[in-house]
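Visitor: Below are the structure tokens for one structure; questions will follow.
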Amino acid sequence: MGDVLAGIHATWEFDTDSVLIRFERGIRTPRLFLSLRERRIPYAALSSVALTPGKRGTVVLHAVPRPGADPLLEAAAGQLKEGCDPYRLVLPAERGTLAGHYADELGGVLGPDASLPAERFLVTAPEAPMHFKAYDGRAGFDGRRVSFRWSRTGASSAKWKAGDQTFPVTELAGIEWRSPDAPEGYLRLLPRGGASDSEVGGPTPDPAPGAGQTLARARPDQDPAAVVFGLGYGPVHESLPFAAAVLESVRRTQSVPVASVPVPVGGARRDPADIAERIRHLGDLREAGLVTDDEFSAKKAELLAEL
């Protein structure tokens, strides 16, 4: 398309295979938009687009992403308020005809898979490192590990007893984010083996009695794998991009198989330099968060046994 459509709070720049959404800086611009700054949305990530009447003499060009295509919306799990939806472009009503033209153009480039869930994230997540202040501590993410550092005044005794926490993304299955705009908002990490990979983003409803549910999880204020929000703590524009970045890293890590080190058959001795090189390689994988400490130790022991 190669054109630009400027609206209220954002500008959409159309390219051959994607639309670049640039969020404008302003007093009334939602703080989530200011935090995101800009986002490139591949057309392959969209399921539909429509033009609808807006409020007070406006129209709204609304693109809808495919389920599973955008880590931000996956983490939000339907909890974003309408005014904070980054896929809505609000324009003055007099630009409705032009907006309709772009809606038709966008609809024409949607692929045959538009109605299907995406098999992987197609939209880039916000970049780490990032952090935010929760009511009971500070949450940090460096791209490989999530850390919780408890507050002296806000954290429960259970969290103080557990101590500050660090979670490699390789040990996580997903994340829950309950909006701070709702009562009892929180961000909870879901460890592997303790939750299904589908439990990502947003609160999980209580399972029906007798439905084969797993053991009930602790309340977020008692769970060392969670931080709780409150008035002024964990705002959407800080905690949601954080949750999306963690979720994207978890999914990406899950898609990378743990590297295996071949062991020679027949008991032949290996060259010490080759063993040292393989151990260094394993160390690099551990530093990248692709191999856990236990996996590193086990493989290192196997290699040393070959000397």
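We name chains A, B, ... following the order of the structure tokens; residues begin at 1 in each chain, and ligands are numbered from 1 as shown.
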Need to verify the contact set: Tyr43 of chain A, 6 Å, only C-alpha atoms, exclusion of same-chain residues closer than 2 positions in sequence. Can you return it as an MDAnalysis selection string?
Guide: chainID A and resid 17:18 45:46
Visitor: Name the residues of segment 90-208 of chain A that fall into strand (DSSP E) according to DSSP on the backbone, using the chain letters and numbers of this document, as an MDAnalysis selection string.
Guide: chainID A and resid 90:92 130:133 137:141 145:150 165:168 172:178 186:191
Visitor: Grab the atom CA of Val246 of chain A to atom CA of Gln222 of chain A distance for me, in Å with one decimal place.
Guide: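 Computing it gives 21.4 Å between the two atoms.
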Visitor: Which polymer residues have any atom within 12 Å of an atom of segment 26-28 of chain A, counting only C-alpha atoms, with same-chain residues fewer than 5 positions away left out, as a PDB file with N, CA, C and O atoms, in the first residue's frame?
Guide:
```
ATOM      1  N   ILE A   8      -6.326   9.706  15.768  1.00  0.00           N
ATOM      2  CA  ILE A   8      -6.174  10.275  17.102  1.00  0.00           C
ATOM      3  C   ILE A   8      -5.329   9.316  17.933  1.00  0.00           C
ATOM      4  O   ILE A   8      -5.671   8.143  18.082  1.00  0.00           O
ATOM      5  N   HIS A   9      -4.212   9.782  18.435  1.00  0.00           N
ATOM      6  CA  HIS A   9      -3.272   9.029  19.269  1.00  0.00           C
ATOM      7  C   HIS A   9      -2.365   8.088  18.488  1.00  0.00           C
ATOM      8  O   HIS A   9      -1.455   7.506  19.086  1.00  0.00           O
ATOM      9  N   ALA A  10      -2.598   7.876  17.194  1.00  0.00           N
ATOM     10  CA  ALA A  10      -1.755   6.924  16.465  1.00  0.00           C
ATOM     11  C   ALA A  10      -1.770   7.219  14.974  1.00  0.00           C
ATOM     12  O   ALA A  10      -2.688   7.861  14.449  1.00  0.00           O
ATOM     13  N   PHE A  33      -0.073   3.145  25.267  1.00  0.00           N
ATOM     14  CA  PHE A  33       0.416   3.504  23.941  1.00  0.00           C
ATOM     15  C   PHE A  33       1.783   4.186  24.038  1.00  0.00           C
ATOM     16  O   PHE A  33       2.675   3.932  23.235  1.00  0.00           O
ATOM     17  N   LEU A  34       1.936   5.070  25.028  1.00  0.00           N
ATOM     18  CA  LEU A  34       3.216   5.752  25.205  1.00  0.00           C
ATOM     19  C   LEU A  34       4.317   4.750  25.538  1.00  0.00           C
ATOM     20  O   LEU A  34       5.459   4.905  25.099  1.00  0.00           O
ATOM     21  N   ARG A  37       5.139   2.733  22.221  1.00  0.00           N
ATOM     22  CA  ARG A  37       5.765   3.628  21.241  1.00  0.00           C
ATOM     23  C   ARG A  37       5.386   3.278  19.798  1.00  0.00           C
ATOM     24  O   ARG A  37       4.794   4.074  19.102  1.00  0.00           O
ATOM     25  N   GLY A  83     -10.449   1.757  25.099  1.00  0.00           N
ATOM     26  CA  GLY A  83      -9.584   2.882  24.757  1.00  0.00           C
ATOM     27  C   GLY A  83      -8.110   2.550  24.756  1.00  0.00           C
ATOM     28  O   GLY A  83      -7.298   3.330  24.260  1.00  0.00           O
ATOM     29  N   CYS A  84      -7.734   1.396  25.315  1.00  0.00           N
ATOM     30  CA  CYS A  84      -6.328   0.978  25.361  1.00  0.00           C
ATOM     31  C   CYS A  84      -6.016  -0.115  24.353  1.00  0.00           C
ATOM     32  O   CYS A  84      -4.917  -0.686  24.390  1.00  0.00           O
TER      33      CYS A  84
END
```
Visitor: Just give me the gap between atom CA of Pro65 of chain A and atom CA of Ala243 of chain A in Å, one decimal is fine.
Guide: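 Pair atom CA of Pro65 of chain A / atom CA of Ala243 of chain A returns 18.2 Å.
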Visitor: Identify which of the residues A:Pro71, A:Pro241, A:Pro224, A:Pro180 lies closest to Thr124 of chain A, counting only C-alpha atoms when measuring atom-to-atom distances.
Guide: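 That would be A:Pro71, the residue with the smallest distance to Thr124 of chain A.
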Visitor: At what distance in Å, to one decimal, does atom CA of Thr29 of chain A lie from atom CA of Pro53 of chain A?
Guide: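 Going from atom CA of Pro53 of chain A over to atom CA of Thr29 of chain A, I get 20.1 Å.
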Visitor: For each of A:Leu190, A:Trp12, A:Ile279, A:Ser249, take the minimum atom-to-atom distance to Val90 of chain A, counting only C-alpha atoms, then give the residue where this is smallest.
Guide: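 Of A:Leu190, A:Trp12, A:Ile279, A:Ser249, the one nearest Val90 of chain A, counting only C-alpha atoms, is A:Trp12.
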Visitor: I'd like the neighbourhood of Arg152 of chain A as a PyMOL selection string, where a residue qualifies if any of its atoms comes within 12 Å (using only C-alpha atoms), though same-chain residues fewer than 2 positions away should be ignored.
Guide: chain A and resi 135-138+149-150+154-157+159-161+163-164
Visitor: Which one is closest to Asp70 of chain A: A:His101, A:Arg120, A:His131, A:Arg286? Count only C-alpha atoms.
Guide: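 With only C-alpha atoms as the atom set, the closest residue is A:Arg120.
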Visitor: Running DSSP on the backbone, which parts of segment 35-181 of chain A land in alpha helix (DSSP H), as a short mmCIF file (atom, residue, chain, number, x, y, z; two decimals) with all heavy atoms, in the first residue's frame?
Guide:
```cif
data_model
loop_
_atom_site.label_atom_id
_atom_site.label_comp_id
_atom_site.auth_asym_id
_atom_site.auth_seq_id
_atom_site.Cartn_x
_atom_site.Cartn_y
_atom_site.Cartn_z
N SER A 35 3.96 3.73 26.31
CA SER A 35 4.93 2.71 26.68
C SER A 35 5.33 1.87 25.47
O SER A 35 6.50 1.52 25.29
CB SER A 35 4.35 1.82 27.78
OG SER A 35 5.23 0.77 28.09
N LEU A 36 4.37 1.53 24.62
CA LEU A 36 4.65 0.69 23.45
C LEU A 36 5.40 1.45 22.36
O LEU A 36 6.16 0.86 21.60
CB LEU A 36 3.33 0.15 22.88
CG LEU A 36 2.56 -0.81 23.79
CD1 LEU A 36 1.20 -1.14 23.17
CD2 LEU A 36 3.35 -2.09 24.05
N PRO A 71 1.70 -11.57 21.60
CA PRO A 71 1.88 -11.88 23.02
C PRO A 71 1.25 -10.85 23.94
O PRO A 71 0.85 -11.19 25.06
CB PRO A 71 3.41 -11.93 23.17
CG PRO A 71 3.94 -11.14 22.01
CD PRO A 71 2.97 -11.36 20.90
N LEU A 72 1.14 -9.61 23.50
CA LEU A 72 0.53 -8.58 24.35
C LEU A 72 -0.93 -8.89 24.61
O LEU A 72 -1.41 -8.84 25.75
CB LEU A 72 0.67 -7.21 23.70
CG LEU A 72 0.24 -6.03 24.58
CD1 LEU A 72 1.37 -5.67 25.55
CD2 LEU A 72 -0.13 -4.81 23.75
N LEU A 73 -1.68 -9.23 23.55
CA LEU A 73 -3.10 -9.53 23.74
C LEU A 73 -3.30 -10.89 24.35
O LEU A 73 -4.31 -11.13 25.04
CB LEU A 73 -3.83 -9.43 22.40
CG LEU A 73 -3.93 -8.03 21.78
CD1 LEU A 73 -5.04 -7.99 20.73
CD2 LEU A 73 -4.15 -6.95 22.82
N GLU A 74 -2.37 -11.82 24.13
CA GLU A 74 -2.48 -13.12 24.79
C GLU A 74 -2.33 -12.95 26.30
O GLU A 74 -3.06 -13.57 27.07
CB GLU A 74 -1.40 -14.07 24.26
CG GLU A 74 -1.65 -14.56 22.86
CD GLU A 74 -2.90 -15.42 22.76
OE1 GLU A 74 -2.95 -16.49 23.39
OE2 GLU A 74 -3.84 -15.00 22.05
N ALA A 75 -1.39 -12.11 26.72
CA ALA A 75 -1.21 -11.87 28.14
C ALA A 75 -2.40 -11.11 28.72
O ALA A 75 -2.83 -11.38 29.84
CB ALA A 75 0.08 -11.09 28.39
N ALA A 76 -2.96 -10.18 27.95
CA ALA A 76 -4.09 -9.39 28.43
C ALA A 76 -5.35 -10.22 28.59
O ALA A 76 -6.19 -9.93 29.45
CB ALA A 76 -4.36 -8.22 27.48
N GLY A 96 -14.06 9.22 7.24
CA GLY A 96 -14.63 7.89 7.18
C GLY A 96 -14.48 7.22 5.82
O GLY A 96 -14.22 6.01 5.74
N THR A 97 -14.64 7.98 4.74
CA THR A 97 -14.53 7.41 3.40
C THR A 97 -13.11 6.88 3.16
O THR A 97 -12.92 5.77 2.65
CB THR A 97 -14.89 8.44 2.33
OG1 THR A 97 -16.24 8.89 2.54
CG2 THR A 97 -14.77 7.84 0.94
N LEU A 98 -12.12 7.68 3.56
CA LEU A 98 -10.73 7.26 3.39
C LEU A 98 -10.44 6.04 4.27
O LEU A 98 -9.79 5.08 3.82
CB LEU A 98 -9.80 8.41 3.76
CG LEU A 98 -8.29 8.13 3.64
CD1 LEU A 98 -7.92 7.78 2.21
CD2 LEU A 98 -7.49 9.33 4.13
N ALA A 99 -10.94 6.06 5.50
CA ALA A 99 -10.73 4.93 6.39
C ALA A 99 -11.38 3.67 5.83
O ALA A 99 -10.84 2.57 5.95
CB ALA A 99 -11.27 5.24 7.78
N GLY A 100 -12.56 3.82 5.21
CA GLY A 100 -13.22 2.68 4.59
C GLY A 100 -12.39 2.08 3.47
O GLY A 100 -12.37 0.86 3.28
N HIS A 101 -11.73 2.95 2.72
CA HIS A 101 -10.86 2.47 1.64
C HIS A 101 -9.75 1.58 2.21
O HIS A 101 -9.47 0.50 1.67
CB HIS A 101 -10.26 3.66 0.90
CG HIS A 101 -9.09 3.30 0.02
ND1 HIS A 101 -9.24 2.63 -1.18
CD2 HIS A 101 -7.75 3.52 0.18
CE1 HIS A 101 -8.05 2.44 -1.72
NE2 HIS A 101 -7.13 2.97 -0.92
N TYR A 102 -9.13 2.04 3.31
CA TYR A 102 -8.05 1.24 3.90
C TYR A 102 -8.58 -0.04 4.53
O TYR A 102 -7.89 -1.07 4.53
CB TYR A 102 -7.30 2.08 4.94
CG TYR A 102 -6.35 3.06 4.31
CD1 TYR A 102 -6.64 4.42 4.28
CD2 TYR A 102 -5.16 2.63 3.73
CE1 TYR A 102 -5.77 5.33 3.69
CE2 TYR A 102 -4.28 3.53 3.14
CZ TYR A 102 -4.59 4.88 3.12
OH TYR A 102 -3.73 5.76 2.53
N ALA A 103 -9.78 0.01 5.08
CA ALA A 103 -10.37 -1.21 5.63
C ALA A 103 -10.54 -2.25 4.53
O ALA A 103 -10.26 -3.45 4.73
CB ALA A 103 -11.71 -0.90 6.29
N ASP A 104 -11.00 -1.81 3.37
CA ASP A 104 -11.16 -2.73 2.24
C ASP A 104 -9.80 -3.26 1.76
O ASP A 104 -9.66 -4.45 1.43
CB ASP A 104 -11.88 -2.03 1.08
CG ASP A 104 -13.32 -1.71 1.41
OD1 ASP A 104 -13.87 -2.35 2.33
OD2 ASP A 104 -13.90 -0.82 0.76
N GLU A 105 -8.81 -2.36 1.73
CA GLU A 105 -7.48 -2.78 1.29
C GLU A 105 -6.89 -3.82 2.24
O GLU A 105 -6.32 -4.82 1.81
CB GLU A 105 -6.56 -1.55 1.21
CG GLU A 105 -6.87 -0.60 0.08
CD GLU A 105 -6.43 -1.16 -1.26
OE1 GLU A 105 -5.27 -1.60 -1.37
OE2 GLU A 105 -7.25 -1.19 -2.19
N LEU A 106 -7.04 -3.55 3.54
CA LEU A 106 -6.52 -4.50 4.52
C LEU A 106 -7.23 -5.84 4.42
O LEU A 106 -6.61 -6.90 4.48
CB LEU A 106 -6.68 -3.94 5.94
CG LEU A 106 -5.56 -3.07 6.48
CD1 LEU A 106 -5.92 -2.54 7.86
CD2 LEU A 106 -4.26 -3.86 6.56
N GLY A 107 -8.55 -5.79 4.28
CA GLY A 107 -9.30 -7.03 4.16
C GLY A 107 -8.87 -7.85 2.96
O GLY A 107 -8.91 -9.08 2.98
N GLY A 108 -8.42 -7.16 1.90
CA GLY A 108 -8.01 -7.85 0.69
C GLY A 108 -6.67 -8.54 0.78
O GLY A 108 -6.37 -9.41 -0.06
N VAL A 109 -5.85 -8.17 1.77
CA VAL A 109 -4.53 -8.78 1.87
C VAL A 109 -4.46 -9.86 2.96
O VAL A 109 -3.40 -10.47 3.16
CB VAL A 109 -3.43 -7.72 2.13
CG1 VAL A 109 -3.37 -6.74 0.99
CG2 VAL A 109 -3.67 -7.01 3.46
N SER A 157 4.22 -12.47 55.17
CA SER A 157 5.23 -13.24 55.89
C SER A 157 5.63 -14.49 55.10
O SER A 157 6.77 -14.93 55.17
CB SER A 157 4.70 -13.63 57.28
OG SER A 157 3.50 -14.40 57.16
N ALA A 158 4.68 -15.06 54.35
CA ALA A 158 4.99 -16.25 53.53
C ALA A 158 6.06 -15.92 52.49
O ALA A 158 6.96 -16.72 52.24
CB ALA A 158 3.73 -16.77 52.86
N LYS A 159 5.97 -14.75 51.88
CA LYS A 159 6.95 -14.37 50.87
C LYS A 159 8.30 -14.02 51.52
O LYS A 159 9.36 -14.33 50.96
CB LYS A 159 6.41 -13.20 50.04
CG LYS A 159 5.23 -13.60 49.16
CD LYS A 159 4.77 -12.49 48.26
CE LYS A 159 3.64 -12.99 47.34
NZ LYS A 159 3.16 -11.97 46.41
N TRP A 160 8.25 -13.40 52.67
CA TRP A 160 9.50 -13.11 53.36
C TRP A 160 10.22 -14.38 53.76
O TRP A 160 11.45 -14.49 53.69
CB TRP A 160 9.22 -12.24 54.59
CG TRP A 160 9.30 -10.78 54.28
CD1 TRP A 160 8.29 -9.89 54.21
CD2 TRP A 160 10.49 -10.04 53.95
NE1 TRP A 160 8.74 -8.65 53.86
CE2 TRP A 160 10.09 -8.70 53.69
CE3 TRP A 160 11.84 -10.37 53.84
CZ2 TRP A 160 11.00 -7.70 53.35
CZ3 TRP A 160 12.75 -9.38 53.48
CH2 TRP A 160 12.33 -8.07 53.25
N LYS A 161 9.47 -15.38 54.20
CA LYS A 161 10.07 -16.65 54.57
C LYS A 161 10.68 -17.34 53.36
O LYS A 161 11.73 -17.98 53.45
CB LYS A 161 9.04 -17.55 55.24
CG LYS A 161 8.62 -17.09 56.63
CD LYS A 161 7.57 -18.02 57.21
CE LYS A 161 7.14 -17.56 58.60
NZ LYS A 161 6.06 -18.43 59.18
N ALA A 162 10.00 -17.23 52.21
CA ALA A 162 10.51 -17.85 50.99
C ALA A 162 11.74 -17.13 50.45
O ALA A 162 12.59 -17.72 49.80
CB ALA A 162 9.42 -17.89 49.93
#
```
